[in-house]
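Raw upload.csv, CSV, C-alpha atoms:
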```csv
chain,number,residue,atom,x,y,z
A,91,MET,CA,14.4,-59.9,-28.8
A,92,LYS,CA,16.6,-63.1,-29.2
A,93,LEU,CA,19.0,-62.0,-26.5
A,94,SER,CA,16.7,-62.2,-23.4
A,95,PRO,CA,13.2,-63.4,-22.5
A,96,TRP,CA,10.6,-61.7,-24.6
A,97,GLU,CA,8.5,-60.5,-21.6
A,98,TYR,CA,11.5,-59.1,-19.8
A,99,LEU,CA,12.6,-57.0,-22.7
A,100,GLU,CA,9.1,-55.7,-23.3
A,101,ALA,CA,8.8,-54.7,-19.7
A,102,SER,CA,12.2,-52.9,-19.9
A,103,PHE,CA,10.9,-50.7,-22.7
A,104,LYS,CA,7.4,-50.2,-21.2
A,105,ASN,CA,8.8,-49.3,-17.7
A,106,ARG,CA,11.7,-47.1,-18.8
A,107,GLY,CA,12.1,-44.1,-16.6
A,108,GLN,CA,10.0,-45.4,-13.7
A,109,ALA,CA,12.8,-46.6,-11.5
A,110,LYS,CA,14.8,-44.8,-8.7
A,111,PHE,CA,16.8,-45.6,-5.7
A,112,ASP,CA,15.1,-45.0,-2.3
A,113,ASP,CA,16.9,-43.7,0.8
A,114,LYS,CA,18.2,-47.2,1.6
A,115,GLY,CA,19.6,-47.6,-1.9
A,116,ASN,CA,17.0,-50.1,-3.1
A,117,VAL,CA,15.4,-49.9,-6.5
A,118,VAL,CA,11.7,-48.8,-6.3
A,119,THR,CA,9.2,-47.2,-8.6
A,120,LEU,CA,8.7,-43.5,-8.6
A,121,ASP,CA,6.0,-43.8,-6.0
A,122,GLY,CA,8.2,-45.9,-3.7
A,123,LYS,CA,6.8,-49.4,-4.4
A,124,PRO,CA,9.0,-52.5,-5.2
A,125,TRP,CA,10.1,-52.7,-8.8
A,126,ILE,CA,7.6,-53.8,-11.4
A,127,GLY,CA,9.8,-55.8,-13.8
A,128,GLY,CA,12.4,-55.5,-16.6
A,129,MET,CA,15.6,-53.6,-16.5
A,130,PRO,CA,15.2,-50.8,-14.0
A,131,PHE,CA,17.8,-48.6,-15.8
A,132,PRO,CA,17.9,-49.6,-19.4
A,133,ASP,CA,20.1,-46.6,-20.1
A,134,ALA,CA,22.3,-47.2,-17.1
A,135,LYS,CA,24.8,-44.4,-16.6
A,136,ASN,CA,27.0,-45.9,-13.9
A,137,GLY,CA,28.2,-49.2,-12.4
A,138,LEU,CA,25.7,-49.2,-9.6
A,139,GLU,CA,22.7,-49.0,-12.0
A,140,LEU,CA,24.1,-51.9,-14.1
A,141,PHE,CA,24.6,-54.1,-11.0
A,142,ALA,CA,21.2,-53.2,-9.6
A,143,GLY,CA,19.4,-54.6,-12.6
A,144,LEU,CA,21.5,-57.7,-12.7
A,145,THR,CA,21.2,-58.4,-8.9
A,146,MET,CA,17.4,-58.0,-9.0
A,147,SER,CA,16.7,-60.5,-11.7
A,148,TRP,CA,19.3,-63.2,-12.5
A,149,GLY,CA,17.6,-65.5,-15.0
A,150,ARG,CA,15.1,-62.9,-16.1
A,151,HIS,CA,12.1,-65.2,-15.7
A,152,ASP,CA,9.5,-65.1,-12.9
A,153,ALA,CA,10.5,-68.6,-12.0
A,154,SER,CA,13.1,-71.1,-13.3
A,155,PHE,CA,14.2,-74.6,-12.5
A,156,TYR,CA,17.5,-75.7,-14.1
A,157,ALA,CA,18.6,-79.3,-14.3
A,158,ILE,CA,22.4,-79.1,-14.1
A,159,ARG,CA,25.3,-81.4,-14.6
A,160,GLU,CA,28.6,-80.3,-13.0
A,161,TYR,CA,32.1,-81.4,-13.8
A,162,ASP,CA,35.1,-80.5,-11.5
A,163,LEU,CA,38.5,-80.9,-13.1
A,164,SER,CA,42.0,-80.8,-11.8
A,165,ARG,CA,44.9,-78.8,-13.3
A,166,GLU,CA,45.9,-82.0,-15.1
A,167,GLY,CA,42.5,-82.1,-16.9
A,168,LYS,CA,41.1,-85.0,-14.9
A,169,ILE,CA,37.5,-85.0,-13.9
A,170,ASN,CA,37.7,-85.6,-10.1
A,171,TYR,CA,34.1,-85.0,-9.3
A,172,GLN,CA,30.8,-85.1,-11.2
A,173,TYR,CA,27.5,-83.9,-9.8
A,174,GLU,CA,23.9,-83.5,-10.8
A,175,ASN,CA,22.0,-80.7,-9.2
A,176,GLY,CA,18.9,-78.7,-9.5
A,177,TRP,CA,18.8,-74.9,-9.2
A,178,ALA,CA,15.5,-73.0,-8.6
A,179,GLU,CA,14.7,-69.3,-8.7
A,180,TYR,CA,11.4,-67.6,-7.9
A,181,ALA,CA,10.5,-63.9,-7.9
A,182,PRO,CA,7.9,-62.5,-5.4
A,183,THR,CA,8.2,-59.0,-7.0
A,184,GLY,CA,8.5,-57.6,-10.5
A,185,ARG,CA,6.6,-60.5,-11.9
A,186,LEU,CA,5.8,-60.5,-15.6
A,187,VAL,CA,4.1,-63.8,-16.3
A,188,LEU,CA,2.9,-65.3,-13.0
A,189,PRO,CA,-0.3,-63.8,-11.6
A,190,GLY,CA,0.2,-60.4,-10.0
A,191,VAL,CA,3.2,-58.1,-10.2
A,192,TYR,CA,3.7,-58.8,-6.5
A,193,TRP,CA,3.1,-62.0,-4.6
A,194,THR,CA,0.8,-60.8,-1.8
A,195,GLY,CA,2.4,-61.2,1.6
A,196,HIS,CA,5.9,-61.6,0.1
A,197,GLU,CA,6.6,-58.0,-1.1
A,198,ASP,CA,9.5,-57.7,1.3
A,199,LYS,CA,11.4,-60.5,-0.5
A,200,LEU,CA,13.5,-60.2,-3.7
A,201,ARG,CA,13.8,-63.9,-4.5
A,202,TYR,CA,13.7,-67.5,-3.3
A,203,GLN,CA,16.6,-69.6,-4.6
A,204,SER,CA,17.7,-73.2,-3.9
A,205,VAL,CA,20.2,-75.7,-5.0
A,206,PHE,CA,20.1,-79.5,-4.3
A,207,PHE,CA,22.2,-82.4,-5.3
A,208,SER,CA,20.9,-85.8,-6.6
A,209,GLU,CA,24.2,-87.4,-7.7
A,210,PRO,CA,26.5,-89.0,-6.6
A,211,ASP,CA,25.4,-90.9,-3.6
A,212,SER,CA,27.9,-89.2,-1.3
A,213,VAL,CA,26.0,-85.8,-1.6
A,214,ARG,CA,22.5,-87.0,-2.6
A,215,GLY,CA,19.9,-85.0,-0.8
A,216,THR,CA,22.2,-82.1,0.2
A,217,SER,CA,20.3,-78.9,-0.3
A,218,TYR,CA,20.4,-75.2,0.4
A,219,LEU,CA,17.7,-72.5,0.4
A,220,ASN,CA,18.4,-68.8,0.1
A,221,ILE,CA,15.7,-66.4,1.0
A,222,TRP,CA,16.6,-62.9,-0.2
A,223,HIS,CA,15.2,-59.7,1.4
A,224,TYR,CA,14.1,-56.9,-0.9
A,225,ASP,CA,16.4,-54.6,1.2
A,226,GLN,CA,19.7,-55.1,-0.5
A,227,ASN,CA,21.6,-54.0,2.6
A,228,LYS,CA,20.7,-57.4,4.3
A,229,PHE,CA,22.2,-60.8,3.7
A,230,PRO,CA,19.8,-63.6,2.6
A,231,GLU,CA,18.6,-66.2,5.1
A,232,LEU,CA,20.5,-69.4,4.3
A,233,TYR,CA,19.2,-72.8,5.3
A,234,GLY,CA,20.7,-76.2,4.5
A,235,TYR,CA,19.7,-79.9,4.7
A,236,ILE,CA,22.5,-82.3,5.3
A,237,PRO,CA,21.2,-86.0,4.9
A,238,ASP,CA,23.7,-87.3,7.5
A,239,PHE,CA,22.1,-85.2,10.2
A,240,LYS,CA,18.6,-85.5,8.9
A,241,ARG,CA,17.7,-82.0,9.9
A,242,ILE,CA,17.6,-78.4,8.5
A,243,ARG,CA,20.1,-76.0,10.0
A,244,ARG,CA,20.7,-72.3,9.5
A,245,PHE,CA,24.1,-71.4,8.0
A,246,PRO,CA,26.1,-68.2,8.4
A,247,THR,CA,24.8,-66.2,5.5
A,248,ASP,CA,28.0,-64.3,4.8
A,249,GLN,CA,30.1,-67.4,3.9
A,250,ARG,CA,29.6,-66.9,0.2
A,251,PHE,CA,33.1,-67.5,-1.0
A,252,GLU,CA,33.3,-71.3,-0.4
A,253,PRO,CA,32.3,-74.2,-2.6
A,254,LEU,CA,29.0,-76.0,-1.7
A,255,VAL,CA,30.4,-79.5,-2.4
A,256,PRO,CA,33.9,-81.0,-2.5
A,257,GLY,CA,36.0,-80.2,-5.6
A,258,SER,CA,33.8,-77.4,-6.9
A,259,SER,CA,35.2,-74.0,-7.9
A,260,LEU,CA,31.8,-72.4,-7.8
A,261,TYR,CA,30.7,-70.1,-5.0
A,262,LEU,CA,27.3,-68.7,-4.1
A,263,SER,CA,28.8,-65.3,-4.7
A,264,ASP,CA,29.4,-66.2,-8.4
A,265,ALA,CA,25.8,-66.7,-9.3
A,266,TRP,CA,25.1,-64.7,-12.5
A,267,ALA,CA,28.2,-62.6,-11.5
A,268,ALA,CA,26.0,-60.9,-8.9
A,269,GLY,CA,25.4,-63.6,-6.2
A,270,ASP,CA,25.4,-61.2,-3.2
A,271,PRO,CA,23.0,-58.4,-2.2
A,272,LEU,CA,23.8,-55.2,-4.0
A,273,HIS,CA,25.0,-53.2,-1.1
A,274,THR,CA,27.3,-55.8,0.4
A,275,TRP,CA,29.6,-54.7,-2.5
A,276,GLY,CA,30.5,-51.1,-3.2
A,277,ASN,CA,32.7,-48.7,-5.0
A,278,TYR,CA,31.0,-49.6,-8.3
A,279,LYS,CA,32.7,-47.9,-11.2
A,280,ILE,CA,32.8,-48.3,-15.0
A,281,VAL,CA,36.4,-48.8,-16.0
A,282,SER,CA,36.2,-49.4,-19.8
A,283,ARG,CA,33.9,-49.8,-22.8
A,284,GLY,CA,34.7,-51.6,-26.0
A,285,PRO,CA,33.9,-54.6,-28.3
A,286,MET,CA,34.1,-58.1,-27.0
A,287,LEU,CA,33.7,-61.7,-28.2
A,288,ALA,CA,31.1,-63.6,-26.0
A,289,GLY,CA,28.7,-66.5,-26.1
A,290,VAL,CA,25.4,-64.6,-26.2
A,291,SER,CA,23.3,-66.7,-28.6
A,292,GLY,CA,24.7,-70.2,-29.3
A,293,GLY,CA,24.5,-71.8,-25.8
A,294,TRP,CA,21.9,-74.4,-26.6
A,295,ASN,CA,23.0,-77.7,-28.2
A,296,SER,CA,19.9,-78.6,-30.2
A,297,ALA,CA,21.7,-81.7,-31.7
A,298,SER,CA,21.6,-83.4,-28.3
A,299,GLU,CA,18.3,-84.7,-26.9
A,300,SER,CA,19.6,-84.2,-23.4
A,301,TRP,CA,21.2,-80.8,-24.4
A,302,ALA,CA,24.7,-82.1,-23.5
A,303,HIS,CA,27.6,-80.0,-24.8
A,304,THR,CA,31.0,-81.0,-26.1
A,305,THR,CA,34.4,-80.0,-24.9
A,306,HIS,CA,37.9,-79.2,-26.0
A,307,GLY,CA,41.3,-78.0,-24.6
A,308,GLY,CA,43.4,-78.8,-21.6
A,309,PRO,CA,45.6,-81.9,-21.1
A,310,LYS,CA,42.7,-84.3,-21.9
A,311,GLY,CA,40.6,-82.3,-24.2
A,312,GLU,CA,37.9,-81.8,-21.5
A,313,THR,CA,38.7,-78.6,-19.8
A,314,PHE,CA,36.5,-76.1,-21.8
A,315,TRP,CA,33.1,-76.2,-23.3
A,316,ASP,CA,32.9,-75.8,-27.1
A,317,THR,CA,31.5,-72.3,-27.3
A,318,ASP,CA,30.0,-70.3,-30.1
A,319,VAL,CA,31.0,-66.6,-29.7
A,320,GLU,CA,30.1,-63.5,-31.6
A,321,LEU,CA,31.0,-59.8,-31.6
A,322,VAL,CA,29.3,-57.8,-28.9
A,323,PRO,CA,29.5,-54.2,-30.2
A,324,GLU,CA,29.9,-52.7,-26.8
A,325,ALA,CA,30.8,-54.4,-23.5
A,326,ILE,CA,30.9,-52.2,-20.3
A,327,ALA,CA,33.4,-53.3,-17.7
A,328,VAL,CA,32.5,-52.5,-14.1
A,329,ASP,CA,34.7,-52.9,-11.0
A,330,ALA,CA,33.3,-53.6,-7.5
A,331,GLU,CA,34.7,-54.3,-4.1
A,332,PRO,CA,33.3,-56.5,-1.3
A,333,THR,CA,32.6,-53.9,1.3
A,334,GLY,CA,30.3,-56.1,3.4
A,335,PHE,CA,32.8,-59.0,3.8
A,336,PRO,CA,35.8,-58.2,6.1
A,337,ARG,CA,37.3,-61.7,5.6
A,338,ALA,CA,36.5,-62.2,1.9
A,339,PRO,CA,39.4,-63.7,-0.1
A,340,VAL,CA,38.4,-61.4,-3.0
A,341,GLY,CA,39.6,-57.8,-3.1
A,342,LYS,CA,37.8,-56.8,-6.3
A,343,LYS,CA,35.8,-58.2,-9.2
A,344,ARG,CA,35.4,-57.0,-12.7
A,345,VAL,CA,32.2,-57.8,-14.7
A,346,TRP,CA,31.7,-57.2,-18.3
A,347,PHE,CA,28.1,-56.3,-19.3
A,348,ASP,CA,26.5,-56.4,-22.8
A,349,ALA,CA,25.5,-52.8,-23.3
A,350,ARG,CA,22.4,-53.9,-25.3
A,351,THR,CA,20.9,-56.2,-22.7
A,352,GLN,CA,23.0,-55.6,-19.5
A,353,LEU,CA,23.6,-59.4,-19.3
A,354,PRO,CA,26.9,-60.4,-17.7
A,355,LEU,CA,29.4,-61.7,-20.3
A,356,GLY,CA,32.2,-62.6,-17.9
A,357,MET,CA,33.8,-61.9,-14.6
A,358,VAL,CA,37.3,-61.9,-13.2
A,359,SER,CA,38.0,-61.6,-9.5
A,360,PHE,CA,41.3,-60.5,-7.8
A,361,ASP,CA,42.6,-61.6,-4.4
A,362,ARG,CA,43.6,-59.2,-1.6
A,363,ARG,CA,47.0,-58.8,-3.1
A,364,GLY,CA,45.6,-57.7,-6.5
A,365,GLU,CA,46.5,-60.9,-8.3
A,366,ILE,CA,44.0,-62.6,-10.6
A,367,PHE,CA,42.1,-65.1,-8.6
A,368,ARG,CA,39.2,-66.7,-10.5
A,369,SER,CA,37.2,-66.3,-13.7
A,370,PHE,CA,33.5,-67.0,-14.5
A,371,ASP,CA,31.7,-66.9,-17.8
A,372,GLY,CA,28.6,-68.3,-19.4
A,373,ALA,CA,27.0,-68.8,-22.7
A,374,TYR,CA,23.3,-68.0,-23.5
A,375,GLY,CA,20.9,-68.9,-26.2
A,376,LEU,CA,17.4,-68.9,-27.5
A,377,TYR,CA,16.3,-72.6,-27.4
A,378,GLU,CA,15.3,-72.5,-31.1
A,379,ASP,CA,17.1,-74.0,-34.0
A,380,GLY,CA,15.2,-74.5,-37.2
A,381,ASP,CA,12.1,-76.7,-36.4
A,382,LYS,CA,13.6,-77.6,-33.0
A,383,ARG,CA,12.5,-75.4,-30.1
A,384,VAL,CA,11.7,-75.4,-26.4
A,385,MET,CA,8.8,-73.1,-25.6
A,386,ASP,CA,8.3,-70.6,-22.8
A,387,GLY,CA,4.6,-69.7,-23.2
A,388,LYS,CA,4.1,-68.0,-26.5
A,389,HIS,CA,7.9,-67.6,-27.2
A,390,PRO,CA,10.9,-69.9,-27.4
A,391,TYR,CA,12.7,-70.4,-24.1
A,392,TRP,CA,15.8,-68.2,-23.6
A,393,SER,CA,18.4,-69.1,-20.9
A,394,TRP,CA,22.0,-69.9,-20.2
A,395,GLY,CA,23.5,-73.1,-21.7
A,396,HIS,CA,26.8,-73.6,-20.0
A,397,VAL,CA,29.2,-72.0,-17.5
A,398,HIS,CA,32.9,-72.0,-16.7
A,399,ALA,CA,34.1,-71.3,-13.1
A,400,PHE,CA,37.9,-71.4,-13.2
A,401,ASP,CA,40.3,-71.0,-10.3
A,402,VAL,CA,43.3,-69.4,-11.9
A,403,GLN,CA,45.6,-69.9,-9.0
A,404,THR,CA,45.0,-73.6,-8.5
A,405,GLY,CA,44.1,-74.5,-12.1
A,406,GLN,CA,40.9,-76.2,-11.1
A,407,MET,CA,38.0,-75.9,-13.5
A,408,THR,CA,34.2,-76.3,-12.8
A,409,ARG,CA,32.0,-76.7,-15.8
A,410,LEU,CA,28.2,-76.5,-15.6
A,411,GLU,CA,25.7,-77.2,-18.3
A,412,GLN,CA,21.9,-76.9,-18.3
A,413,MET,CA,20.2,-80.2,-19.1
A,414,ALA,CA,16.7,-81.1,-20.3
A,415,SER,CA,16.3,-83.3,-17.2
A,416,MET,CA,18.2,-84.9,-14.3
A,417,SER,CA,18.0,-88.0,-12.1
A,418,GLY,CA,15.0,-88.2,-9.8
A,419,GLY,CA,12.7,-87.2,-12.6
A,420,HIS,CA,13.4,-83.4,-12.3
A,421,LYS,CA,13.0,-81.5,-15.6
A,422,MET,CA,13.7,-78.0,-16.7
A,423,MET,CA,10.7,-75.7,-15.8
A,424,VAL,CA,10.0,-72.0,-16.4
A,425,ASN,CA,7.4,-69.7,-15.1
A,426,SER,CA,5.5,-72.3,-13.1
A,427,GLN,CA,4.1,-71.8,-9.6
A,428,ASP,CA,5.0,-75.5,-9.0
A,429,ILE,CA,8.7,-74.4,-8.7
A,430,TYR,CA,8.1,-72.7,-5.4
A,431,ASP,CA,6.1,-75.6,-3.9
A,432,ARG,CA,8.5,-78.3,-5.1
A,433,TYR,CA,11.9,-76.7,-4.5
A,434,LEU,CA,11.8,-73.5,-2.4
A,435,THR,CA,10.4,-74.2,1.1
A,436,ASN,CA,12.0,-75.9,4.2
A,437,GLY,CA,9.5,-78.8,3.6
A,438,ALA,CA,10.8,-79.1,0.0
A,439,LEU,CA,14.3,-79.4,1.4
A,440,ARG,CA,13.3,-82.3,3.6
A,441,ARG,CA,11.5,-84.1,0.7
A,442,LEU,CA,14.5,-83.6,-1.6
A,443,GLY,CA,16.8,-84.9,1.1
A,444,ASN,CA,14.8,-88.1,1.4
```
Can you dump the structure from the file as C-alpha cells?
Amino acid sequence: MKLSPWEYLEASFKNRGQAKFDDKGNVVTLDGKPWIGGMPFPDAKNGLELFAGLTMSWGRHDASFYAIREYDLSREGKINYQYENGWAEYAPTGRLVLPGVYWTGHEDKLRYQSVFFSEPDSVRGTSYLNIWHYDQNKFPELYGYIPDFKRIRRFPTDQRFEPLVPGSSLYLSDAWAAGDPLHTWGNYKIVSRGPMLAGVSGGWNSASESWAHTTHGGPKGETFWDTDVELVPEAIAVDAEPTGFPRAPVGKKRVWFDARTQLPLGMVSFDRRGEIFRSFDGAYGLYEDGDKRVMDGKHPYWSWGHVHAFDVQTGQMTRLEQMASMSGGHKMMVNSQDIYDRYLTNGALRRLGN
C-alpha cells in the first residue's frame, strides 16, 4: 500500500475480474460501461492488458496538479535551459475520490490534461491542453495558447514526438511511458521477466522544504538526479510499435512494469534503424518520512518525485522534479475539483497566458 495511492489499490482489489475489452478494443466493465477505477487487469496476462491500465490512469489520482522544475542539459553537462511548468490531469471516468464514478456529460472522455510554462519570460504563458477521448482509437484534441499571438489555436494532434519548448528532450508521447492513445501503438508483447533495480519508493526529498532534489554525474556533476533504488522482485518488459504514426522517428519502445503495481519503471525507445534512441525513467515515493508528511485525504500523498528524459543519440538530458510550489502562486494539488476549473479549459489557457 506504499507503492501507489491507497484508493487506487483498494479499487484494483475490489474491481478485480470486472474488466474486458469491447469490440473497439476499449476497456469497459462486464456490462459495457466505462471503467470504474483501479487496475483493470491486476493479473495482466499480456502486454496489451498492462499498457491498457497504464494508459487509462497515469498518476492514479482522480485529479492532480504538479508544480515542475525542468532542467535541459547539453552533452557537456551544461544547463542550457531551465523552465518552471505546471502539469494537470483530471479523470472524468473511473473516479475513486471525487463525487461520482463518472462525471455526468463527460463519460465519453478519458482525461483532461494540460501543461503551461511560467518561467522564463521567453515562454511564460505558453500552454497546451489535451482532451482525451475514451475511445482509444482516436487521437486527443490538442489546443495551445501562444502569448505572442494572443489566441488559442488547434494543433495537429499526432505530432507527439517533438519537444514542447526549446532544448527539451521530453515529448508528449513520453508521459508516464504511455503518452498516446492505446491503439495508436500496437504489436504489444512481453519480451522478458526478471528482477530490476528501480526508484519505486524514495522519490520525495523530505529534507528540502521545496522538495528540490540533488544531482551527480556527467561532466559537471549535474546530469543525473540522486536516486534511491531498490530491488523490484519481478519487472515485466513489454515491446510496442507506433502503428498509428507513419512518420514517427520511433520504431519501437520497451517499457518495464513493476509486476506488483504495474507502474512503469523505465522506457527505452529505438529509432527506425533499430538503434537506441532515447530513455525515460522516473522515481516514485510516498510523501511521508518520520513525522514529515504531505496528506492526500486520509492517507499520505503518493506520486512521482523526479524524471530523466535522455536523448542517447545527442547526449541531451532533460531532468524534471516535482516541487511543492512554483512561480505564480501555483501549488501541488491532488483530488480537487478546482484543478479542472483552474487549468483544464480553454478559458484557463487564456488566463494562464496573461
Exercise. Which neighbours of A:Leu262 fall inside 7 Å, counting all atoms listed in the file, when residues of the same chain fewer than 3 positions from it are skipped, and could you give them as a PyMOL selection string?
Worked result: chain A and resi 250-251+265+269
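Each of A:Lys382, A:Thr274, A:His306, A:Phe400 was compared to A:Ser359 using all atoms listed in the file, and A:Phe400 turns out to be the nearest.
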Problem set entry | Shell of 10 Å around stretch 141-144 of chain A, only C-alpha atoms, local chain residues under 3 positions omitted, as a PyMOL selection string | chain A and resi 111+115-117+127-132+134+136-138+147-150+226+266-269+271-273+275+278+328+330+345+347+352-354
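If only C-alpha atoms are the atoms counted, then among A:Ser263, A:Asn220, A:Thr333, A:Thr351 the closest residue to A:Ser94 is A:Thr351.
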Exercise. Using only C-alpha atoms, which residues sit within 12 Å of stretch 435-444 of chain A once same-chain residues fewer than 5 positions away are excluded, as number ranges by chain?
Worked result: A: 175-176, 178-180, 202-209, 211, 213-221, 231-244, 417-420, 428-430
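Between atom CA of A:Asp264 and atom CA of A:Asp112 there is a distance of 26.3 Å.
Atom CA of A:Met407 to atom CA of A:Phe314 spans 8.4 Å [interatomic distance, one decimal].
Interatomic distance, atom CA of A:Lys92 to atom CA of A:Asp379: 11.9 Å.
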Exercise. A:Lys199, A:Lys228, A:Arg383, A:Arg283: which is nearest A:Glu324, counting all atoms listed in the file?
Worked result: A:Arg283
